[in-house]
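A.B. asks: File query-v6.cif follows (mmCIF, C-alpha atoms and all ligand atoms):
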```cif
data_query
loop_
_atom_site.label_atom_id
_atom_site.label_comp_id
_atom_site.auth_asym_id
_atom_site.auth_seq_id
_atom_site.Cartn_x
_atom_site.Cartn_y
_atom_site.Cartn_z
CA MET A 587 0.00 0.00 0.00
CA THR A 588 1.28 3.47 -0.80
CA ASP A 589 2.53 5.25 2.29
CA GLN A 590 -0.12 7.89 2.93
CA THR A 591 1.84 9.64 5.69
CA ASN A 592 4.99 10.29 3.75
CA HIS A 593 3.99 11.98 0.57
CA ASP A 594 7.19 12.99 -1.07
CA VAL A 595 5.40 14.18 -4.14
CA LEU A 596 7.45 14.88 -7.25
CA LEU A 597 4.72 15.58 -9.79
CA GLU A 598 1.23 16.79 -9.14
CA MET A 599 -1.51 17.42 -11.68
CA LYS A 600 -4.39 19.50 -10.29
CA ASP A 601 -7.65 19.46 -12.20
CA VAL A 602 -5.75 19.72 -15.48
CA LYS A 603 -7.62 20.27 -18.73
CA LYS A 604 -6.49 20.36 -22.31
CA HIS A 605 -9.06 21.26 -24.92
CA PHE A 606 -7.94 21.42 -28.54
CA PRO A 607 -10.09 23.85 -30.53
CA VAL A 608 -11.63 22.31 -33.64
CA LYS A 609 -11.51 24.30 -36.86
CA GLN A 610 -14.98 25.55 -37.67
CA SER A 611 -16.43 25.52 -41.15
CA VAL A 612 -17.55 28.78 -42.73
CA PHE A 613 -21.14 27.60 -42.35
CA GLU A 614 -20.67 26.99 -38.64
CA ARG A 615 -19.10 30.43 -38.18
CA VAL A 616 -21.87 32.17 -40.09
CA ALA A 617 -24.46 30.24 -38.09
CA GLY A 618 -22.75 31.58 -34.95
CA GLU A 619 -22.07 28.13 -33.54
CA SER A 620 -19.89 28.15 -30.46
CA GLN A 621 -16.29 27.06 -30.79
CA LYS A 622 -16.02 23.28 -30.48
CA ALA A 623 -13.05 21.57 -28.85
CA VAL A 624 -11.64 18.10 -28.42
CA ARG A 625 -11.70 17.58 -24.68
CA ALA A 626 -8.55 15.48 -24.69
CA VAL A 627 -7.94 15.87 -20.95
CA ASP A 628 -10.89 17.11 -18.97
CA GLY A 629 -10.15 17.71 -15.32
CA VAL A 630 -7.53 15.20 -14.24
CA SER A 631 -5.79 15.19 -10.87
CA PHE A 632 -3.14 12.81 -9.58
CA HIS A 633 0.30 12.84 -8.02
CA ILE A 634 3.43 10.76 -8.36
CA ASN A 635 5.68 10.24 -5.39
CA ARG A 636 9.42 10.45 -5.79
CA GLY A 637 10.84 7.11 -6.86
CA GLU A 638 7.47 5.77 -7.91
CA VAL A 639 6.27 4.38 -11.23
CA LEU A 640 2.76 5.51 -12.04
CA GLY A 641 1.22 3.79 -15.03
CA LEU A 642 -1.43 5.45 -17.18
CA ALA A 643 -3.57 2.99 -19.07
CA GLY A 644 -6.59 3.31 -21.31
CA GLU A 645 -7.70 2.88 -24.90
CA SER A 646 -6.41 4.85 -27.83
CA GLY A 647 -7.68 8.43 -27.67
CA SER A 648 -8.27 8.45 -23.90
CA GLY A 649 -5.77 11.30 -23.39
CA LYS A 650 -2.67 9.51 -22.09
CA THR A 651 -0.14 11.16 -24.40
CA THR A 652 -1.73 14.56 -23.86
CA ILE A 653 -1.28 14.12 -20.09
CA GLY A 654 2.37 13.16 -20.64
CA ARG A 655 2.95 16.24 -22.76
CA LEU A 656 1.17 18.45 -20.22
CA ALA A 657 3.31 17.00 -17.42
CA LEU A 658 6.45 18.05 -19.30
CA ARG A 659 4.88 21.34 -20.39
CA LEU A 660 5.41 20.42 -23.97
CA LEU A 661 1.78 21.52 -24.11
CA ASP A 662 0.18 24.37 -22.20
CA ALA A 663 -2.84 23.39 -20.12
CA THR A 664 -6.21 24.97 -20.88
CA ASP A 665 -6.87 24.93 -17.15
CA GLY A 666 -5.47 23.50 -13.93
CA GLN A 667 -1.94 23.23 -12.57
CA VAL A 668 1.07 21.04 -13.23
CA ILE A 669 3.47 21.10 -10.29
CA LEU A 670 6.96 19.59 -10.41
CA ASP A 671 8.69 19.39 -7.07
CA GLY A 672 6.61 22.26 -5.70
CA VAL A 673 7.13 24.49 -8.74
CA VAL A 674 4.05 25.36 -10.77
CA LEU A 675 5.19 24.74 -14.33
CA ASN A 676 2.31 26.73 -15.84
CA ASP A 677 3.80 29.92 -14.41
CA LEU A 678 7.38 29.50 -15.62
CA SER A 679 8.85 31.89 -18.15
CA ALA A 680 10.48 30.44 -21.26
CA GLU A 681 13.93 30.83 -19.67
CA GLU A 682 12.89 29.24 -16.36
CA LEU A 683 11.26 26.43 -18.27
CA ARG A 684 14.42 25.88 -20.31
CA ARG A 685 16.39 25.45 -17.08
CA THR A 686 13.79 23.07 -15.66
CA ARG A 687 13.73 20.94 -18.81
CA LYS A 688 16.77 18.91 -17.83
CA ARG A 689 14.88 17.65 -14.77
CA MET A 690 12.20 16.02 -16.89
CA GLN A 691 12.75 13.93 -19.96
CA VAL A 692 10.65 11.90 -22.31
CA ILE A 693 10.94 8.54 -24.00
CA PHE A 694 8.57 8.18 -26.93
CA GLN A 695 7.28 5.07 -28.60
CA ASP A 696 9.17 5.38 -31.88
CA PRO A 697 12.93 5.72 -31.44
CA MET A 698 13.43 6.27 -35.16
CA ALA A 699 11.20 9.35 -35.00
CA SER A 700 12.84 10.53 -31.75
CA LEU A 701 16.42 10.40 -33.01
CA ASN A 702 17.73 12.88 -35.53
CA PRO A 703 18.73 10.77 -38.55
CA ARG A 704 21.53 13.21 -39.40
CA MET A 705 23.17 13.02 -35.97
CA THR A 706 25.41 10.16 -34.92
CA ILE A 707 24.26 8.26 -31.84
CA GLY A 708 26.98 10.02 -29.82
CA GLU A 709 25.85 13.47 -30.97
CA GLY A 710 22.19 12.65 -30.40
CA VAL A 711 22.72 11.22 -26.92
CA GLY A 712 24.99 14.12 -25.92
CA HIS A 713 22.78 16.90 -27.24
CA GLY A 714 20.95 17.65 -23.99
CA TYR A 715 24.14 17.39 -21.96
CA LYS A 716 25.82 19.92 -24.23
CA ILE A 717 22.91 22.35 -23.93
CA HIS A 718 22.11 22.00 -20.26
CA LEU A 719 25.25 20.90 -18.44
CA ASN A 720 28.61 21.28 -20.14
CA SER A 721 29.48 22.15 -23.71
CA ASP A 722 33.14 21.11 -23.54
CA PRO A 723 33.49 18.47 -26.29
CA ALA A 724 35.71 16.16 -24.22
CA ALA A 725 33.29 16.30 -21.27
CA VAL A 726 30.34 15.61 -23.55
CA ARG A 727 32.07 12.61 -25.09
CA ARG A 728 32.98 11.22 -21.68
CA ALA A 729 29.42 11.61 -20.39
CA VAL A 730 27.97 10.03 -23.53
CA LEU A 731 30.26 6.99 -23.41
CA GLU A 732 29.48 6.51 -19.73
CA ILE A 733 25.71 6.62 -20.19
CA MET A 734 25.91 4.40 -23.30
CA GLU A 735 27.65 1.76 -21.18
CA LYS A 736 24.95 2.08 -18.51
CA VAL A 737 22.14 1.41 -20.96
CA GLY A 738 23.98 -1.46 -22.62
CA LEU A 739 24.87 0.30 -25.86
CA THR A 740 28.17 -1.43 -26.27
CA PRO A 741 30.83 -1.29 -27.51
CA ALA A 742 30.10 2.36 -26.82
CA ASP A 743 33.05 3.82 -28.71
CA VAL A 744 32.03 1.93 -31.86
CA LEU A 745 28.31 2.74 -31.65
CA TYR A 746 29.11 6.39 -30.85
CA ASP A 747 29.80 7.17 -34.50
CA LYS A 748 26.94 5.16 -35.99
CA TYR A 749 23.74 6.70 -37.32
CA PRO A 750 20.29 5.66 -36.03
CA HIS A 751 19.48 3.59 -39.14
CA GLN A 752 22.61 1.50 -38.54
CA LEU A 753 21.31 0.26 -35.16
CA SER A 754 18.72 -2.36 -34.31
CA GLY A 755 15.33 -1.22 -32.97
CA GLY A 756 16.27 -2.28 -29.43
CA GLN A 757 19.60 -0.43 -29.63
CA ARG A 758 17.84 2.68 -30.88
CA GLN A 759 15.46 2.67 -27.93
CA ARG A 760 18.47 2.26 -25.62
CA ALA A 761 19.94 5.35 -27.29
CA VAL A 762 16.72 7.26 -26.59
CA ILE A 763 16.87 6.12 -22.95
CA ALA A 764 20.53 7.22 -22.76
CA ARG A 765 19.66 10.59 -24.22
CA ALA A 766 16.92 11.03 -21.63
CA LEU A 767 19.15 10.06 -18.70
CA ILE A 768 22.24 12.04 -19.58
CA THR A 769 20.84 15.25 -18.03
CA ARG A 770 20.21 13.31 -14.79
CA PRO A 771 16.46 14.02 -14.74
CA ASP A 772 14.12 13.40 -11.81
CA LEU A 773 11.06 12.59 -13.89
CA ILE A 774 10.82 10.46 -17.00
CA VAL A 775 7.64 10.37 -19.02
CA ALA A 776 7.77 7.12 -20.95
CA ASP A 777 5.05 7.03 -23.62
CA GLU A 778 4.55 3.45 -24.80
CA PRO A 779 8.34 3.00 -24.70
CA ILE A 780 8.33 -0.66 -25.71
CA ALA A 781 5.28 -0.77 -27.98
CA MET A 782 7.31 -0.74 -31.18
CA ALA A 783 10.13 -2.95 -29.96
CA ASP A 784 10.49 -6.53 -31.05
CA VAL A 785 8.75 -8.89 -28.62
CA SER A 786 12.11 -10.47 -27.75
CA VAL A 787 13.57 -7.20 -26.48
CA ARG A 788 10.53 -5.80 -24.67
CA VAL A 789 11.26 -7.46 -21.35
CA LEU A 790 14.93 -6.54 -21.67
CA LEU A 791 14.00 -2.89 -22.12
CA LEU A 792 11.58 -2.99 -19.19
CA ASP A 793 14.21 -4.62 -16.99
CA LEU A 794 16.68 -1.97 -18.08
CA MET A 795 14.23 0.78 -17.17
CA LYS A 796 13.66 -0.79 -13.76
CA GLN A 797 17.37 -1.10 -13.10
CA LEU A 798 18.09 2.47 -14.24
CA LYS A 799 15.27 3.75 -12.07
CA GLU A 800 17.05 2.41 -8.99
CA GLU A 801 20.48 3.54 -10.08
CA PHE A 802 19.45 7.08 -11.02
CA ASN A 803 16.63 7.58 -8.47
CA LEU A 804 14.11 8.13 -11.23
CA THR A 805 10.37 8.63 -11.11
CA TYR A 806 8.35 7.41 -14.07
CA LEU A 807 5.06 8.33 -15.59
CA PHE A 808 4.68 5.19 -17.66
CA ILE A 809 2.07 5.39 -20.39
CA THR A 810 0.79 2.17 -21.88
CA HIS A 811 -2.44 0.82 -23.30
CA ASP A 812 -1.33 -2.62 -22.19
CA LEU A 813 -2.13 -3.54 -18.59
CA ALA A 814 0.17 -6.57 -18.70
CA THR A 815 3.13 -4.27 -19.32
CA ALA A 816 1.92 -1.92 -16.62
CA LYS A 817 1.82 -4.80 -14.16
CA TYR A 818 5.45 -5.57 -14.81
CA ILE A 819 6.84 -2.16 -13.96
CA CYS A 820 4.30 0.06 -12.20
CA ASP A 821 3.71 0.68 -8.49
CA ARG A 822 0.37 2.36 -9.09
CA ILE A 823 -1.92 2.54 -12.08
CA GLY A 824 -4.31 5.22 -13.28
CA VAL A 825 -6.95 4.28 -15.83
CA MET A 826 -8.06 6.93 -18.33
CA TYR A 827 -11.29 7.03 -20.27
CA LEU A 828 -12.17 9.81 -22.70
CA GLY A 829 -10.16 12.51 -20.97
CA LYS A 830 -11.04 11.43 -17.43
CA LEU A 831 -9.23 9.43 -14.81
CA VAL A 832 -11.77 6.75 -13.88
CA GLU A 833 -9.71 4.73 -11.41
CA ILE A 834 -6.34 4.96 -9.69
CA GLY A 835 -4.64 2.89 -7.05
CA ASP A 836 -1.88 0.51 -6.11
CA LEU A 837 -1.13 -2.23 -8.56
CA ARG A 838 -2.48 -4.80 -6.12
CA ASP A 839 -5.80 -3.02 -5.72
CA ILE A 840 -6.28 -2.34 -9.41
CA TYR A 841 -5.61 -5.95 -10.31
CA GLY A 842 -7.09 -7.59 -7.23
CA ASN A 843 -10.17 -5.42 -6.75
CA PRO A 844 -10.85 -3.30 -9.83
CA ARG A 845 -13.95 -1.19 -9.12
CA HIS A 846 -14.65 0.60 -12.36
CA PRO A 847 -16.37 -1.51 -15.04
CA TYR A 848 -13.99 0.02 -17.59
CA THR A 849 -10.94 -1.16 -15.65
CA GLN A 850 -12.57 -4.55 -15.33
CA ALA A 851 -13.16 -4.70 -19.06
CA LEU A 852 -9.54 -3.75 -19.78
CA LEU A 853 -8.36 -6.41 -17.38
CA ALA A 854 -10.67 -8.99 -18.92
CA ALA A 855 -8.81 -8.45 -22.19
CA VAL A 856 -5.46 -9.30 -20.55
CA PRO A 857 -4.60 -12.99 -20.27
CA VAL A 858 -4.31 -13.58 -16.52
CA PRO A 859 -2.70 -16.85 -15.46
CA ASP A 860 -4.14 -16.73 -11.93
CA PRO A 861 -7.81 -17.84 -12.14
CA THR A 862 -8.70 -16.13 -8.85
CA LEU A 863 -7.95 -12.78 -10.48
CA ARG A 864 -10.11 -13.33 -13.54
CA THR A 865 -13.34 -11.40 -13.86
CA ASP A 866 -16.50 -12.58 -15.55
CA ASP A 867 -17.28 -9.16 -16.99
CA PRO A 868 -18.08 -9.18 -20.67
CA PRO A 869 -15.38 -7.68 -22.89
CA ILE A 870 -15.82 -4.02 -23.69
CA ARG A 871 -18.22 -3.27 -26.54
CA GLY A 872 -18.18 -0.57 -29.18
CA GLU A 873 -15.69 2.18 -29.78
CA ILE A 874 -14.54 5.07 -27.65
CA PRO A 875 -17.00 7.96 -28.30
CA ASN A 876 -16.07 11.32 -29.76
CA ALA A 877 -14.14 13.57 -27.37
CA ILE A 878 -15.80 16.70 -28.82
CA ASN A 879 -19.22 15.71 -27.48
CA PRO A 880 -18.56 13.20 -24.73
CA PRO A 881 -21.58 11.32 -23.32
CA SER A 882 -23.41 12.99 -20.44
CA GLY A 883 -23.02 11.80 -16.87
CA CYS A 884 -20.46 9.03 -16.71
CA ARG A 885 -18.66 9.07 -20.05
CA PHE A 886 -18.45 5.30 -20.02
CA HIS A 887 -22.19 4.72 -19.60
CA THR A 888 -22.79 4.15 -23.34
CA ARG A 889 -20.54 1.09 -23.23
CA CYS A 890 -20.96 0.02 -19.63
CA PRO A 891 -22.46 -3.42 -18.98
CA ILE A 892 -24.04 -2.36 -15.67
CA ALA A 893 -25.09 1.24 -16.38
CA ALA A 894 -28.23 2.46 -14.55
CA ASP A 895 -30.25 5.64 -15.17
CA ILE A 896 -28.14 7.70 -12.82
CA CYS A 897 -25.07 7.01 -14.94
CA SER A 898 -26.26 9.10 -17.89
CA GLN A 899 -27.49 11.89 -15.61
CA GLU A 900 -24.78 12.60 -13.07
CA GLU A 901 -21.06 12.67 -13.51
CA PRO A 902 -19.41 10.40 -10.94
CA VAL A 903 -16.46 11.73 -8.94
CA LEU A 904 -13.41 9.76 -7.83
CA ARG A 905 -14.12 8.28 -4.41
CA GLU A 906 -11.86 6.24 -2.21
CA VAL A 907 -12.77 2.56 -2.09
CA ASP A 908 -13.73 1.34 1.39
CA GLY A 909 -10.80 -0.20 3.20
CA GLU A 910 -8.32 0.55 0.42
CA PRO A 911 -6.52 3.82 1.09
CA GLY A 912 -5.26 5.44 -2.08
CA HIS A 913 -7.61 3.41 -4.29
CA PHE A 914 -10.12 5.70 -6.02
CA ALA A 915 -12.77 4.96 -8.60
CA ALA A 916 -15.37 7.16 -10.32
CA CYS A 917 -18.42 4.91 -10.55
CA HIS A 918 -21.84 5.61 -9.05
CA LEU A 919 -22.54 1.93 -8.69
CA ARG A 920 -19.28 0.78 -7.23
CA THR A 921 -18.20 3.57 -4.91
CA GLY A 922 -20.99 6.15 -4.75
CA ASP A 923 -24.36 6.67 -3.11
CA TYR A 924 -26.01 4.34 -5.59
CA LYS A 925 -24.12 1.19 -4.75
CA HIS A 926 -27.41 -0.59 -4.07
CA LEU A 927 -28.13 -0.44 -7.82
CA ASP A 928 -25.06 -2.46 -8.68
CA PRO A 929 -26.11 -6.00 -9.59
CA GLU A 930 -22.83 -7.26 -8.12
CA ASN A 931 -23.37 -5.58 -4.79
CA GLN A 932 -24.09 -8.30 -2.23
CA ASP A 933 -25.96 -5.89 0.03
CA ALA A 934 -28.49 -4.92 -2.63
CA THR A 935 -31.70 -4.05 -0.88
CA GLU A 936 -33.48 -1.75 -3.28
CA ALA A 937 -34.70 -2.43 -6.77
CA PRO A 938 -33.25 -0.27 -9.54
CA PRO A 939 -35.53 2.60 -10.60
CA GLN A 940 -37.67 1.88 -13.67
N1 LIG B 1 -2.71 18.42 -31.22
C1 LIG B 1 -3.96 17.98 -31.20
N2 LIG B 1 -4.96 18.63 -31.83
C2 LIG B 1 -6.24 18.18 -31.77
N3 LIG B 1 -6.62 17.05 -31.14
C3 LIG B 1 -5.67 16.34 -30.51
C4 LIG B 1 -4.30 16.76 -30.51
N4 LIG B 1 -3.57 15.84 -29.79
C5 LIG B 1 -4.46 14.92 -29.38
N5 LIG B 1 -5.71 15.21 -29.80
C6 LIG B 1 -6.95 14.45 -29.51
O1 LIG B 1 -7.01 14.30 -28.12
C7 LIG B 1 -7.52 13.02 -27.77
C8 LIG B 1 -6.54 12.30 -26.89
O2 LIG B 1 -5.37 12.02 -27.63
P1 LIG B 1 -4.09 11.32 -26.99
O3 LIG B 1 -3.06 11.24 -28.06
O4 LIG B 1 -3.72 12.02 -25.74
O5 LIG B 1 -4.63 9.86 -26.65
P2 LIG B 1 -3.84 8.55 -26.21
O6 LIG B 1 -4.56 8.02 -25.01
O7 LIG B 1 -2.39 8.86 -26.05
O8 LIG B 1 -4.08 7.57 -27.44
P3 LIG B 1 -3.09 6.45 -28.08
O9 LIG B 1 -3.22 5.23 -27.20
O10 LIG B 1 -3.66 6.24 -29.44
O11 LIG B 1 -1.70 7.01 -28.11
C9 LIG B 1 -7.81 12.31 -29.08
O12 LIG B 1 -9.17 12.50 -29.39
C10 LIG B 1 -6.92 13.05 -30.06
O13 LIG B 1 -7.45 12.99 -31.36
MG MG B 2 -0.69 8.15 -27.02
#
```
Give the structure from the file, written as structure tokens.
C.D. replies:
Amino acid sequence: MTDQTNHDVLLEMKDVKKHFPVKQSVFERVAGESQKAVRAVDGVSFHINRGEVLGLAGESGSGKTTIGRLALRLLDATDGQVILDGVVLNDLSAEELRRTRKRMQVIFQDPMASLNPRMTIGEGVGHGYKIHLNSDPAAVRRAVLEIMEKVGLTPADVLYDKYPHQLSGGQRQRAVIARALITRPDLIVADEPIAMADVSVRVLLLDLMKQLKEEFNLTYLFITHDLATAKYICDRIGVMYLGKLVEIGDLRDIYGNPRHPYTQALLAAVPVPDPTLRTDDPPIRGEIPNAINPPSGCRFHTRCPIAADICSQEEPVLREVDGEPGHFAACHLRTGDYKHLDPENQDATEAPPQ
């Protein structure tokens, strides 16, 4: 269980929103229609403690990458606050932000797109070091060779002069990891870092990330749509649905006692070897709705196998699950005042409204 008394919080997101305006047609403008927006992230709050790995899971389009980019202030929030180590990133000037950048780094899914094809691996890995820490060429080279050894890019002096296309996919992702670590960051946002890697190297990369986390005292925001991967590396998991965080808690609680039907559906899609952890929930149906006009009430109600009337009428808030500190879910029927409507609730005493 997460230690509730010793919150050494590194990153905090407070009711963060990111709405992307949608281009209006001439007809819509003439008709005076109000500006539409994709509500990619729509009021999300969570924290990550120092040294922790928080996973963010959810289907494509749920807002995971947008949260990652907001956390690094690669995107400006429409509303809310992003706080890194007590500093509100929203308020930083361009210069202050530039100085803070070295403390937070990102590892994207596609190493080929992340690495400059015209830079050698050595130049690419050393770029941030040169900008943020020390521009002396000998110092840069030393730092690059050292970090390349740490991430298993060996022989480092040979690979130093290679170009990205001359490396294997696994080696390229190691180069991206090296480039992220060379500025000695506190926070790493890893956005589907192994999704494009060959199956044979995925576990190796995850093990490397775990090992580096200990060695460099890192904190990860680990984005993945795959709960099996999340289970391997995360301490806590947050589940996103259509711009909202619908559940968050320790790995054990999310896997052992998932409360939100969406989390349960995601878990049902993961092959679980332990039969006691399997759920009988039907697999999720339909597609994720449009984020411009999300469903009323609980955004998941249009696909939820247990939805009741209340679910389309009132938006559920995240509530702590009884007896599980730090485990929150936003479901009227599983954590709210309407628990008696939940068909799975053993204490059901009232019939659902007609
Ligand atoms: N720059 C942008 N302009 C407009 N809409 C955007 C922009 N970036 C993201 N979106 C929209 O915001 C929503 C969330 O996108 P996001 O990339 O954060 O989802 P995701 O959970 O990372 O999905 P995936 O698993 O496919 O990577 C989507 O509807 C997406 O189309
Ligand atoms: Mg994404």
A.B. asks: Which residues come within 12 Å of range 742-748 of chain A, counting all atoms listed in the file, excluding same-chain residues fewer than 3 positions away, as a PyMOL selection string?
C.D. replies: chain A and resi 703-712+726-739+751-754+757-758+760-761+764
A.B. asks: Mind pulling up the distance from CA of Arg838 in chain A to atom O11 of ligand LIG 1 (chain B)?
C.D. replies: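 Between these atoms lies a distance of 25.0 Å.
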A.B. asks: Could you give me, as a ChimeraX atom specification, every polymer residue with an atom at most 10 Å away from an atom of ligand LIG 1 (chain B), counting all atoms listed in the file?
C.D. replies: /A:604-609,623-627,642-656,661,695,777-778,809-812,826-829,874-878
A.B. asks: Report, in Å with one decimal, the straight-line distance from CA of Phe632 in chain A to CA of Gly714 in chain A.
C.D. replies: 28.5 Å
A.B. asks: Skip range 840-846 of chain A itself and residues of its chain fewer than 6 positions away, then list as a list in words all residues within 8 Å of it, counting only C-alpha atoms.
C.D. replies: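 Near neighbours after the sequence-gap exclusion: Ile823, Val832, Glu833, Ile834, Leu853, Leu863, His913, Ala915, Ala916, Cys917, Arg920 and Thr921 of chain A.
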A.B. asks: Could you please take those selected residues and save C-alpha atoms as a PDB file, in the frame of the given file?
C.D. replies:
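What follows is the written file part_1.pdb:
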```pdb
ATOM      1  CA  ILE A 823      -1.920   2.540 -12.080  1.00  0.00           C
ATOM      2  CA  VAL A 832     -11.770   6.750 -13.880  1.00  0.00           C
ATOM      3  CA  GLU A 833      -9.710   4.730 -11.410  1.00  0.00           C
ATOM      4  CA  ILE A 834      -6.340   4.960  -9.690  1.00  0.00           C
ATOM      5  CA  LEU A 853      -8.360  -6.410 -17.380  1.00  0.00           C
ATOM      6  CA  LEU A 863      -7.950 -12.780 -10.480  1.00  0.00           C
ATOM      7  CA  HIS A 913      -7.610   3.410  -4.290  1.00  0.00           C
ATOM      8  CA  ALA A 915     -12.770   4.960  -8.600  1.00  0.00           C
ATOM      9  CA  ALA A 916     -15.370   7.160 -10.320  1.00  0.00           C
ATOM     10  CA  CYS A 917     -18.420   4.910 -10.550  1.00  0.00           C
ATOM     11  CA  ARG A 920     -19.280   0.780  -7.230  1.00  0.00           C
ATOM     12  CA  THR A 921     -18.200   3.570  -4.910  1.00  0.00           C
TER      13      THR A 921
END
```
A.B. asks: What's the 9 Å shell around range 784-798 of chain A, counting all atoms listed in the file, without same-chain residues fewer than 3 positions away, as a ChimeraX atom specification?
C.D. replies: /A:736-738,755-756,759-760,763,767,779-781,801-804,815,818-819
A.B. asks: So that I can see what lies close to Tyr924 in chain A, please list as a PyMOL selection string the residues with an atom at most 10 Å from it, counting all atoms listed in the file and leaving out residues fewer than 2 positions away in the same chain.
C.D. replies: chain A and resi 894+896-897+917-922+926-928+936+938
A.B. asks: Considering all atoms listed in the file, state which residue in the set A:Leu831, A:Ala776, A:Leu670, A:Leu852 is at the smallest distance from ligand MG 2 (chain B).
C.D. replies: A:Ala776
A.B. asks: Rounded to one decimal place, report the CA of Leu813 in chain A-atom MG of ligand MG 2 (chain B) distance in Å.
C.D. replies: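 Calculated distance between CA of Leu813 in chain A and atom MG of ligand MG 2 (chain B) is 14.5 Å.
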A.B. asks: Can you pull out every residue within 10 Å of Pro771 in chain A, counting only C-alpha atoms, but drop anything in the same chain fewer than 2 positions away, and send it as number ranges by chain?
C.D. replies: A: 686-692, 766-769, 773-774, 802-805
A.B. asks: Pick the closest to Pro911 in chain A from A:Gly641, A:Gly618, A:Gly835, A:Pro750: which is it, counting all atoms listed in the file?
C.D. replies: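 Selected residue with least distance to Pro911 in chain A: A:Gly835.
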A.B. asks: Enumerate, as a short mmCIF file (atom, residue, chain, number, x, y, z; two decimals) with C-alpha atoms, in the coordinates of the input, the protein, DNA and RNA residues whose atoms approach (6.4, 22.3, -8.9) to within 12 Å, taking into account all atoms listed in the file and the coordinate frame of the file.
C.D. replies:
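Written file, part32.cif:
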```
data_model
loop_
_atom_site.label_atom_id
_atom_site.label_comp_id
_atom_site.auth_asym_id
_atom_site.auth_seq_id
_atom_site.Cartn_x
_atom_site.Cartn_y
_atom_site.Cartn_z
CA VAL A 595 5.40 14.18 -4.14
CA LEU A 596 7.45 14.88 -7.25
CA LEU A 597 4.72 15.58 -9.79
CA GLU A 598 1.23 16.79 -9.14
CA MET A 599 -1.51 17.42 -11.68
CA LYS A 600 -4.39 19.50 -10.29
CA HIS A 633 0.30 12.84 -8.02
CA ILE A 634 3.43 10.76 -8.36
CA ALA A 657 3.31 17.00 -17.42
CA LEU A 658 6.45 18.05 -19.30
CA ARG A 659 4.88 21.34 -20.39
CA GLN A 667 -1.94 23.23 -12.57
CA VAL A 668 1.07 21.04 -13.23
CA ILE A 669 3.47 21.10 -10.29
CA LEU A 670 6.96 19.59 -10.41
CA ASP A 671 8.69 19.39 -7.07
CA GLY A 672 6.61 22.26 -5.70
CA VAL A 673 7.13 24.49 -8.74
CA VAL A 674 4.05 25.36 -10.77
CA LEU A 675 5.19 24.74 -14.33
CA ASN A 676 2.31 26.73 -15.84
CA ASP A 677 3.80 29.92 -14.41
CA LEU A 678 7.38 29.50 -15.62
CA LEU A 683 11.26 26.43 -18.27
CA THR A 686 13.79 23.07 -15.66
CA ARG A 689 14.88 17.65 -14.77
CA MET A 690 12.20 16.02 -16.89
CA LEU A 773 11.06 12.59 -13.89
#
```
A.B. asks: Could you tell me which of A:Val612, A:Val602, A:Val903, A:Ile870 comes closest to Gly666 in chain A if we count only C-alpha atoms?
C.D. replies: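 The answer is A:Val602, which sits nearest to Gly666 in chain A.
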A.B. asks: Adding 6 Å on each side of the box along x, y and z that holds all listed atoms of range 814-830 of chain A, could you give its centre and edge lengths in Å to one decimal, as AutoDock Vina command-line options?
C.D. replies:
```
--center_x -2.7 --center_y 3.0 --center_z -15.6 --size_x 31.0 --size_y 31.1 --size_z 26.2
```
A.B. asks: Under the rule that only C-alpha atoms are counted, which of A:Arg871, A:Leu904, A:Asp662, A:Ala617 is the nearest residue to Val825 in chain A?
C.D. replies: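 Once distances to Val825 in chain A are computed over only C-alpha atoms, the minimum belongs to A:Leu904.
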